[in-house]
Every structure is written in structure tokens, then in C-alpha cells.
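**Student:** Handing over model36.cif, mmCIF, C-alpha atoms.
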data_structure
loop_
_atom_site.group_PDB
_atom_site.id
_atom_site.type_symbol
_atom_site.label_atom_id
_atom_site.label_comp_id
_atom_site.auth_asym_id
_atom_site.auth_seq_id
_atom_site.Cartn_x
_atom_site.Cartn_y
_atom_site.Cartn_z
ATOM 1 C CA MET A 289 24.134 59.427 4.679
ATOM 2 C CA SER A 290 26.375 57.021 6.499
ATOM 3 C CA ARG A 291 28.235 58.828 9.248
ATOM 4 C CA ASP A 292 31.101 56.415 9.441
ATOM 5 C CA ALA A 293 31.776 55.907 5.758
ATOM 6 C CA ASN A 294 34.875 57.945 5.159
ATOM 7 C CA THR A 295 36.600 55.829 2.598
ATOM 8 C CA GLY A 296 37.319 55.963 -1.091
ATOM 9 C CA PRO A 297 39.793 57.897 -3.189
ATOM 10 C CA GLY A 298 39.965 61.599 -2.571
ATOM 11 C CA THR A 299 38.085 61.428 0.703
ATOM 12 C CA GLY A 300 39.915 63.495 3.273
ATOM 13 C CA PRO A 301 38.949 65.080 6.550
ATOM 14 C CA GLY A 302 37.359 67.850 4.487
ATOM 15 C CA CYS A 303 34.302 65.864 3.774
ATOM 16 C CA CYS A 304 34.244 64.106 7.165
ATOM 17 C CA PRO A 305 30.728 63.664 8.436
ATOM 18 C CA LEU A 306 31.285 65.742 11.598
ATOM 19 C CA TYR A 307 32.474 68.751 9.625
ATOM 20 C CA HIS A 308 29.631 68.370 7.164
ATOM 21 C CA GLU A 309 27.163 68.241 10.042
ATOM 22 C CA ALA A 310 28.656 71.392 11.575
ATOM 23 C CA VAL A 311 28.508 73.348 8.321
ATOM 24 C CA GLU A 312 24.897 72.429 7.811
ATOM 25 C CA LEU A 313 23.950 73.094 11.422
ATOM 26 C CA ILE A 314 25.380 76.608 11.356
ATOM 27 C CA GLY A 315 24.331 77.282 7.791
ATOM 28 C CA ARG A 316 20.625 76.653 8.327
ATOM 29 C CA ARG A 317 18.659 79.764 7.499
ATOM 30 C CA TRP A 318 19.037 82.269 10.401
ATOM 31 C CA THR A 319 20.950 79.934 12.692
ATOM 32 C CA GLY A 320 24.271 81.706 12.141
ATOM 33 C CA ALA A 321 22.670 85.073 12.838
ATOM 34 C CA ILE A 322 21.004 83.873 16.054
ATOM 35 C CA VAL A 323 24.242 82.342 17.356
ATOM 36 C CA ALA A 324 26.203 85.506 16.490
ATOM 37 C CA ILE A 325 23.736 87.728 18.349
ATOM 38 C CA LEU A 326 23.823 85.562 21.448
ATOM 39 C CA MET A 327 27.635 85.534 21.215
ATOM 40 C CA GLU A 328 27.772 89.317 21.315
ATOM 41 C CA ALA A 329 24.880 90.317 23.486
ATOM 42 C CA GLY A 330 23.442 87.203 25.184
ATOM 43 C CA PRO A 331 21.731 85.994 27.272
ATOM 44 C CA LEU A 332 18.746 87.550 25.530
ATOM 45 C CA ARG A 333 14.997 87.246 25.782
ATOM 46 C CA PHE A 334 13.002 85.988 22.818
ATOM 47 C CA GLY A 335 11.783 89.488 21.932
ATOM 48 C CA GLU A 336 15.306 90.897 22.045
ATOM 49 C CA ILE A 337 16.576 88.337 19.549
ATOM 50 C CA ALA A 338 13.550 89.000 17.344
ATOM 51 C CA GLN A 339 14.292 92.731 17.458
ATOM 52 C CA ALA A 340 17.930 92.190 16.500
ATOM 53 C CA VAL A 341 16.970 90.187 13.395
ATOM 54 C CA PRO A 342 13.879 91.986 12.161
ATOM 55 C CA GLU A 343 13.510 89.873 9.000
ATOM 56 C CA LEU A 344 13.100 86.707 11.076
ATOM 57 C CA SER A 345 9.510 85.724 11.946
ATOM 58 C CA ASP A 346 8.635 84.716 15.525
ATOM 59 C CA ARG A 347 7.640 81.290 14.311
ATOM 60 C CA MET A 348 10.969 80.698 12.587
ATOM 61 C CA LEU A 349 12.915 82.088 15.549
ATOM 62 C CA SER A 350 11.087 79.767 17.879
ATOM 63 C CA GLU A 351 11.804 76.793 15.622
ATOM 64 C CA ARG A 352 15.508 77.660 15.314
ATOM 65 C CA LEU A 353 15.882 78.152 19.072
ATOM 66 C CA ARG A 354 14.311 74.750 19.700
ATOM 67 C CA GLU A 355 16.734 73.145 17.253
ATOM 68 C CA LEU A 356 19.730 74.879 18.829
ATOM 69 C CA GLU A 357 18.541 73.795 22.288
ATOM 70 C CA ALA A 358 18.115 70.211 21.096
ATOM 71 C CA ARG A 359 21.662 70.265 19.685
ATOM 72 C CA GLY A 360 23.080 71.640 22.938
ATOM 73 C CA VAL A 361 24.248 74.940 21.412
ATOM 74 C CA VAL A 362 21.715 77.123 23.250
ATOM 75 C CA VAL A 363 20.203 76.812 26.709
ATOM 76 C CA ARG A 364 16.871 78.268 27.830
ATOM 77 C CA GLU A 365 17.344 79.876 31.236
ATOM 78 C CA VAL A 366 14.281 80.406 33.408
ATOM 79 C CA THR A 367 14.556 82.838 36.338
ATOM 80 C CA PRO A 368 11.641 82.287 38.777
ATOM 81 C CA GLY A 369 9.451 85.302 39.573
ATOM 82 C CA ARG A 370 6.156 86.827 38.616
ATOM 83 C CA PRO A 371 6.359 86.692 35.724
ATOM 84 C CA ALA A 372 9.222 84.242 35.323
ATOM 85 C CA LYS A 373 11.999 85.558 33.095
ATOM 86 C CA VAL A 374 13.083 83.417 30.176
ATOM 87 C CA ALA A 375 16.338 84.081 28.375
ATOM 88 C CA TYR A 376 18.408 82.216 25.808
ATOM 89 C CA ALA A 377 22.156 81.812 26.217
ATOM 90 C CA LEU A 378 24.927 79.942 24.458
ATOM 91 C CA THR A 379 26.232 76.824 26.160
ATOM 92 C CA ASP A 380 29.989 76.114 26.223
ATOM 93 C CA MET A 381 29.434 74.266 22.955
ATOM 94 C CA GLY A 382 27.825 77.387 21.503
ATOM 95 C CA VAL A 383 30.586 79.676 22.768
ATOM 96 C CA GLY A 384 33.034 77.283 21.135
ATOM 97 C CA LEU A 385 31.799 78.488 17.748
ATOM 98 C CA GLN A 386 33.361 81.896 18.341
ATOM 99 C CA PRO A 387 36.612 81.359 16.365
ATOM 100 C CA ALA A 388 34.750 79.939 13.362
ATOM 101 C CA LEU A 389 32.159 82.710 13.316
ATOM 102 C CA SER A 390 34.761 85.462 13.773
ATOM 103 C CA ALA A 391 36.811 84.090 10.891
ATOM 104 C CA LEU A 392 33.721 83.893 8.709
ATOM 105 C CA LYS A 393 32.793 87.456 9.614
ATOM 106 C CA ALA A 394 36.276 88.676 8.684
ATOM 107 C CA TRP A 395 36.044 86.811 5.387
ATOM 108 C CA ALA A 396 32.628 88.301 4.656
ATOM 109 C CA GLN A 397 33.814 91.821 5.413
ATOM 110 C CA HIS A 398 36.807 91.416 3.162
ATOM 111 C CA TRP A 399 35.421 89.446 0.253
ATOM 112 C CA LEU A 400 31.744 90.163 0.077
ATOM 113 C CA ASP A 401 32.289 93.888 0.277
ATOM 114 C CA GLU A 402 34.945 93.551 -2.411
ATOM 115 C CA ASP A 403 32.410 91.647 -4.480
ATOM 116 C CA ARG A 404 29.914 94.437 -4.048
ATOM 117 C CA ARG A 405 32.459 97.065 -5.022
ATOM 118 C CA ARG A 406 33.276 95.162 -8.187
ATOM 119 C CA ALA A 407 29.596 94.794 -9.012
ATOM 120 C CA ALA A 408 29.099 98.531 -8.474
ATOM 121 C CA ALA A 409 32.112 99.260 -10.675
ATOM 122 C CA ARG A 410 30.613 97.219 -13.499
ATOM 123 C CA ILE A 411 27.300 99.046 -13.241
ATOM 124 C CA ASN A 412 28.795 102.555 -13.150
ATOM 125 C CA MET B 296 16.088 91.487 3.141
ATOM 126 C CA SER B 297 17.579 94.928 2.957
ATOM 127 C CA ARG B 298 21.370 94.744 2.814
ATOM 128 C CA ASP B 299 22.015 98.121 4.316
ATOM 129 C CA ALA B 300 19.496 98.096 7.122
ATOM 130 C CA ASN B 301 21.607 97.496 10.182
ATOM 131 C CA THR B 302 19.812 99.612 12.722
ATOM 132 C CA GLY B 303 17.610 99.090 15.736
ATOM 133 C CA PRO B 304 18.316 98.079 19.306
ATOM 134 C CA GLY B 305 20.446 95.028 19.753
ATOM 135 C CA THR B 306 21.692 95.031 16.181
ATOM 136 C CA GLY B 307 25.415 94.501 16.199
ATOM 137 C CA PRO B 308 27.911 93.316 13.653
ATOM 138 C CA GLY B 309 26.747 89.787 14.467
ATOM 139 C CA CYS B 310 23.669 90.107 12.398
ATOM 140 C CA CYS B 311 25.321 92.312 9.733
ATOM 141 C CA PRO B 312 24.114 91.465 6.277
ATOM 142 C CA LEU B 313 27.585 90.481 4.980
ATOM 143 C CA TYR B 314 28.097 87.924 7.727
ATOM 144 C CA HIS B 315 24.598 86.588 7.252
ATOM 145 C CA GLU B 316 25.270 86.222 3.535
ATOM 146 C CA ALA B 317 28.537 84.364 4.210
ATOM 147 C CA VAL B 318 26.922 81.930 6.651
ATOM 148 C CA GLU B 319 24.174 81.109 4.204
ATOM 149 C CA LEU B 320 26.558 80.832 1.262
ATOM 150 C CA ILE B 321 28.789 78.325 3.026
ATOM 151 C CA GLY B 322 25.918 76.586 4.786
ATOM 152 C CA ARG B 323 24.022 75.664 1.632
ATOM 153 C CA ARG B 324 23.675 71.930 1.361
ATOM 154 C CA TRP B 325 27.052 70.443 0.204
ATOM 155 C CA THR B 326 28.751 73.772 -0.398
ATOM 156 C CA GLY B 327 30.916 73.518 2.716
ATOM 157 C CA ALA B 328 31.974 69.993 1.745
ATOM 158 C CA ILE B 329 32.870 70.990 -1.819
ATOM 159 C CA VAL B 330 34.927 73.971 -0.660
ATOM 160 C CA ALA B 331 36.728 71.838 1.936
ATOM 161 C CA ILE B 332 37.657 69.193 -0.627
ATOM 162 C CA LEU B 333 39.013 71.769 -3.062
ATOM 163 C CA MET B 334 40.922 73.357 -0.175
ATOM 164 C CA GLU B 335 42.669 70.090 0.609
ATOM 165 C CA ALA B 336 43.063 68.409 -2.712
ATOM 166 C CA GLY B 337 42.165 70.860 -5.493
ATOM 167 C CA PRO B 338 42.238 71.647 -8.362
ATOM 168 C CA LEU B 339 40.020 68.662 -9.059
ATOM 169 C CA ARG B 340 38.014 67.407 -11.983
ATOM 170 C CA PHE B 341 34.253 67.076 -11.689
ATOM 171 C CA GLY B 342 34.434 63.297 -11.292
ATOM 172 C CA GLU B 343 37.047 63.560 -8.551
ATOM 173 C CA ILE B 344 34.854 65.870 -6.475
ATOM 174 C CA ALA B 345 31.894 63.560 -7.062
ATOM 175 C CA GLN B 346 33.962 60.603 -5.878
ATOM 176 C CA ALA B 347 35.045 62.424 -2.729
ATOM 177 C CA VAL B 348 31.435 63.153 -1.730
ATOM 178 C CA PRO B 349 29.624 60.000 -2.789
ATOM 179 C CA GLU B 350 26.255 61.098 -1.368
ATOM 180 C CA LEU B 351 26.159 64.122 -3.661
ATOM 181 C CA SER B 352 24.400 63.636 -7.021
ATOM 182 C CA ASP B 353 26.087 64.868 -10.214
ATOM 183 C CA ARG B 354 23.204 67.234 -10.813
ATOM 184 C CA MET B 355 23.521 68.827 -7.376
ATOM 185 C CA LEU B 356 27.324 69.023 -7.662
ATOM 186 C CA SER B 357 26.998 70.761 -10.996
ATOM 187 C CA GLU B 358 24.500 73.248 -9.543
ATOM 188 C CA ARG B 359 26.681 73.984 -6.521
ATOM 189 C CA LEU B 360 29.801 74.458 -8.650
ATOM 190 C CA ARG B 361 27.946 76.922 -10.865
ATOM 191 C CA GLU B 362 26.820 78.882 -7.802
ATOM 192 C CA LEU B 363 30.333 78.927 -6.361
ATOM 193 C CA GLU B 364 31.713 80.066 -9.719
ATOM 194 C CA ALA B 365 29.100 82.824 -9.945
ATOM 195 C CA ARG B 366 30.058 84.003 -6.445
ATOM 196 C CA GLY B 367 33.747 84.036 -7.301
ATOM 197 C CA VAL B 368 34.698 81.302 -4.814
ATOM 198 C CA VAL B 369 35.556 78.667 -7.433
ATOM 199 C CA VAL B 370 37.073 78.999 -10.881
ATOM 200 C CA ARG B 371 36.689 76.529 -13.749
ATOM 201 C CA GLU B 372 40.084 75.984 -15.366
ATOM 202 C CA VAL B 373 40.208 74.646 -18.906
ATOM 203 C CA THR B 374 43.492 73.208 -20.188
ATOM 204 C CA PRO B 375 43.388 72.926 -24.002
ATOM 205 C CA GLY B 376 44.059 69.529 -25.505
ATOM 206 C CA ARG B 377 42.214 66.595 -26.991
ATOM 207 C CA PRO B 378 40.173 66.193 -24.954
ATOM 208 C CA ALA B 379 40.430 69.500 -23.090
ATOM 209 C CA LYS B 380 40.926 69.070 -19.355
ATOM 210 C CA VAL B 381 38.505 70.844 -17.037
ATOM 211 C CA ALA B 382 39.273 71.285 -13.352
ATOM 212 C CA TYR B 383 37.768 73.288 -10.525
ATOM 213 C CA ALA B 384 39.932 75.321 -8.166
ATOM 214 C CA LEU B 385 39.394 77.790 -5.356
ATOM 215 C CA THR B 386 40.014 81.442 -6.172
ATOM 216 C CA ASP B 387 41.811 83.677 -3.653
ATOM 217 C CA MET B 388 38.366 84.409 -2.245
ATOM 218 C CA GLY B 389 37.771 80.691 -1.820
ATOM 219 C CA VAL B 390 41.173 80.085 -0.234
ATOM 220 C CA GLY B 391 40.320 82.920 2.168
ATOM 221 C CA LEU B 392 37.720 80.655 3.763
ATOM 222 C CA GLN B 393 40.453 78.418 5.147
ATOM 223 C CA PRO B 394 40.573 79.885 8.704
ATOM 224 C CA ALA B 395 36.787 79.761 9.085
ATOM 225 C CA LEU B 396 36.502 76.203 7.797
ATOM 226 C CA SER B 397 39.430 74.975 9.909
ATOM 227 C CA ALA B 398 37.898 76.484 13.031
ATOM 228 C CA LEU B 399 34.561 74.909 12.216
ATOM 229 C CA LYS B 400 36.214 71.552 11.657
ATOM 230 C CA ALA B 401 37.970 71.769 15.009
ATOM 231 C CA TRP B 402 34.673 72.666 16.676
ATOM 232 C CA ALA B 403 32.912 69.739 15.007
ATOM 233 C CA GLN B 404 35.609 67.294 16.041
ATOM 234 C CA HIS B 405 35.448 68.469 19.628
ATOM 235 C CA TRP B 406 31.756 69.041 20.164
ATOM 236 C CA LEU B 407 29.923 66.804 17.775
ATOM 237 C CA ASP B 408 31.956 63.803 18.753
ATOM 238 C CA GLU B 409 31.315 64.632 22.388
ATOM 239 C CA ASP B 410 27.631 64.782 21.547
ATOM 240 C CA ARG B 411 27.802 61.363 19.973
ATOM 241 C CA ARG B 412 29.633 59.921 22.952
ATOM 242 C CA ARG B 413 26.933 61.225 25.268
ATOM 243 C CA ALA B 414 24.204 59.798 23.047
ATOM 244 C CA ALA B 415 25.965 56.435 23.007
ATOM 245 C CA ALA B 416 26.306 56.542 26.793
ATOM 246 C CA ARG B 417 22.558 57.089 27.151
ATOM 247 C CA ILE B 418 21.776 54.161 24.869
ATOM 248 C CA ASN B 419 24.143 51.697 26.560
#
Would you put the structure from the file into C-alpha cells?

**Tutor:**
Amino acid sequence: MSRDANTGPGTGPGCCPLYHEAVELIGRRWTGAIVAILMEAGPLRFGEIAQAVPELSDRMLSERLRELEARGVVVREVTPGRPAKVAYALTDMGVGLQPALSALKAWAQHWLDEDRRRAAARIN
Amino acid sequence: MSRDANTGPGTGPGCCPLYHEAVELIGRRWTGAIVAILMEAGPLRFGEIAQAVPELSDRMLSERLRELEARGVVVREVTPGRPAKVAYALTDMGVGLQPALSALKAWAQHWLDEDRRRAAARIN
């Protein structure tokens, strides 16, 4: 996908490559959940994140944290000691996702619950 | 994944199943782009959406539109005539994503461009 190609009829900022990249970064399986947990409770140790998202395997969590670190959304903080303490925290870039994630959470609470109520109504 | 299990230490609203569902719904490949285009320019015909996201194959667009219809985010509007006109529009549920997508767009423009500038600075 060409990042700079933003031409052609009907092409607006909506399908701009940066936005597209952001949606897919945050939408990767478990990434949104990990960022939300660090937003609320971080910095957290690996085991604490794993405990907060029990369906997420350690291997997948480790992979997602590495990706988020590589993108600059998460930073791995090492506090020297015996043993050294390792925690994961959001960077300023990560904290910057707060308005988007809050709005998405509000949408989910409104519309996905509604959806579920309608589905329940059809069944009963 | 159990939808109602939201217990255990460290589990906050951040990893609530509804939010998780919303992130993964919007984050599916191309879904965020399709919703954004309909938000700005919709209702649009199939070919107009395809033209606005040239990297997206017709087959994938058709699959994504069906998913969004099934979730209640998009509605397929048929205007009778010869030939009948078919257009895709956001439902109220779809329009409700506007604040989340705008915030994500603003984040992308700020942080992903920054990222690119830093990368360019390292190369030059």
C-alpha cells in the first residue's frame, strides 16, 4: 500500500494512510485491551497484564508488548535491584490514545449492549 | 471468550468485553476505512467505496460490508428503478462512531506523522 497515494475521486481524509495505520494498530487482536489496561492501571508488570486479560496467552501478550514498544506506544521500564523490576507503561504517544479509546468505550457500552438487548428480545 | 466474565484482580472497564468487541470490530482490516468513508461521503454505491479505497479488493469490500450490515453499523439502501440503485449508508449506530474515529484520526495525524519524521531524521 502506498502511503502517499491519497488521490482519486472520493478519497478524503477518511481513508488517509495515517488513519488507516492507526485503526489497524489499535485493532490488532488484544492490542486495544492491553492499551486500555495500561491507561487505567499502569505501569504494570507482565504478570499483572496477563491476569487482567485472562484469555490472552503469555506468548501473545509478549508479542503484542514488543510490537507496542517498537511503535513507541509502550515503554519497558526496568528498575534495578535484586531481582530487577520490569514494568510496562504507556508513553506520551500511548496516553494520547485516551480520547479515542474513551469514545470507543462509550460507543460500545451504548450500542453493543443495545444490540445484545435486541438479540435477547428476539430470542425470548 | 466469556462475555460476562469481568472479574479478577486488575480487571477494570478497560478490558470489558464490550469495549474489546468494539476495538476488534473497528480494527478488522479495512473496516475502519470503510466506516470513515461512509461517515464523510456516504451514502455511497459499492463502486464508489471501492474507488475511494483502491487497495481493497471487491471481494474483501463485499465481505466487510456484509459484516457491517450484520452488526447493524451499515444499512444497504435499495431505491427501486430500472436498474434499481443500491447504496450503503451508516445507521445511527454507525454514525455514533464519529467521536471515536475523529479522535483516532487526530491521534494518527499527530503521532504517526511524528514517528515518520523521526524515522526520516534517522535515515538522513

**Student:** Within 8 Å of chain B, which residues of chain A show up? Give each one with its shortest atom-to-atom distance in Å (one decimal) and the two atoms involved, counting all atoms listed in the file, rows by chain then rising residue number, as CSV.

**Tutor:**
residue,atom,partner,partner_atom,distance
A:Met289,CA,B:Glu350,CA,6.6
A:Gly296,CA,B:Ala347,CA,7.0
A:Pro297,CA,B:Ala347,CA,6.6
A:Gly298,CA,B:Ala347,CA,5.0
A:Thr299,CA,B:Ala347,CA,4.7
A:Gly300,CA,B:Ile332,CA,7.3
A:Gly302,CA,B:Ala331,CA,4.8
A:Cys303,CA,B:Ala328,CA,5.2
A:Leu306,CA,B:Ala403,CA,5.5
A:Tyr307,CA,B:Lys400,CA,5.1
A:His308,CA,B:Ala328,CA,6.1
A:Glu309,CA,B:Ala403,CA,7.7
A:Ala310,CA,B:Ala403,CA,5.7
A:Val311,CA,B:Gly322,CA,5.4
A:Glu312,CA,B:Gly322,CA,5.2
A:Leu313,CA,B:Gly322,CA,7.8
A:Ile314,CA,B:Gly322,CA,6.6
A:Gly315,CA,B:Gly322,CA,3.5
A:Arg316,CA,B:Gly322,CA,6.4
A:Arg317,CA,B:Glu319,CA,6.6
A:Trp318,CA,B:His315,CA,7.7
A:Gly320,CA,B:Val318,CA,6.1
A:Ala321,CA,B:Cys310,CA,5.2
A:Ile322,CA,B:Cys310,CA,7.7
A:Ala324,CA,B:Gly309,CA,4.8
A:Ile325,CA,B:Gly309,CA,5.3
A:Glu328,CA,B:Gly309,CA,6.9
A:Ala329,CA,B:Gly305,CA,7.5
A:Glu336,CA,B:Gly305,CA,7.0
A:Ile337,CA,B:Gly305,CA,7.7
A:Gln339,CA,B:Pro304,CA,6.9
A:Ala340,CA,B:Thr306,CA,4.7
A:Val341,CA,B:Cys310,CA,6.8
A:Glu343,CA,B:Met296,CA,6.6
A:Met381,CA,B:Trp406,CA,6.4
A:Gly384,CA,B:Trp402,CA,6.6
A:Leu385,CA,B:Trp402,CA,6.6
A:Pro387,CA,B:Ala398,CA,6.0
A:Ala388,CA,B:Ala398,CA,4.7
A:Leu389,CA,B:Ala395,CA,6.9
A:Ser390,CA,B:Ala395,CA,7.7
A:Ala391,CA,B:Ala395,CA,4.7
A:Leu392,CA,B:Ala395,CA,5.2
A:Lys393,CA,B:Tyr314,CA,5.1
A:Trp395,CA,B:Leu392,CA,6.6
A:Ala396,CA,B:Tyr314,CA,5.5
A:Gln397,CA,B:Leu313,CA,6.4
A:Trp399,CA,B:Met388,CA,6.3
A:Leu400,CA,B:Leu313,CA,6.4
A:Asp401,CA,B:Leu313,CA,7.5

**Student:** Point out the residue among A:Met348, A:Ala409, A:Ala358, A:Leu353 with the least atom-to-atom distance to Tyr376 of chain A, counting all atoms listed in the file.

**Tutor:**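 Counting all atoms listed in the file, the residue closest to Tyr376 of chain A is A:Leu353.
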
**Student:** Quick check, in Å to one decimal: how far apart do atom CA of Glu365 of chain A and atom CA of Arg412 of chain B lie?

**Tutor:**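 These two atoms are separated by 24.9 Å.
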
**Student:** Would you compute, for all listed atoms of segment 342-348 of chain B, the axis-aligned bounding box grown by 3 Å on each side, and then report its centre and edge lengths in Å rounded to one decimal, as AutoDock Vina command-line options?

**Tutor:**
--center_x 34.2 --center_y 63.2 --center_z -6.5 --size_x 11.6 --size_y 11.3 --size_z 15.6

**Student:** Given only C-alpha atoms as the basis, pick out the residue of B:Arg417, B:Thr374, B:Arg411, B:Phe341 nearest to Glu358 of chain B.

**Tutor:**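 Checking each of B:Arg417, B:Thr374, B:Arg411, B:Phe341 against Glu358 of chain B, counting only C-alpha atoms, the winner is B:Phe341.
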
**Student:** For the atom pair atom CA of Ser350 of chain A and atom CA of Val383 of chain A, what is the interatomic distance in Å to one decimal place?

**Tutor:**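 Separation between atom CA of Ser350 of chain A and atom CA of Val383 of chain A: 20.1 Å.
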
**Student:** So how many Å separate atom CA of Leu363 of chain B and atom CA of Ala384 of chain B, to one decimal?

**Tutor:**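 Separation between atom CA of Leu363 of chain B and atom CA of Ala384 of chain B: 10.4 Å.
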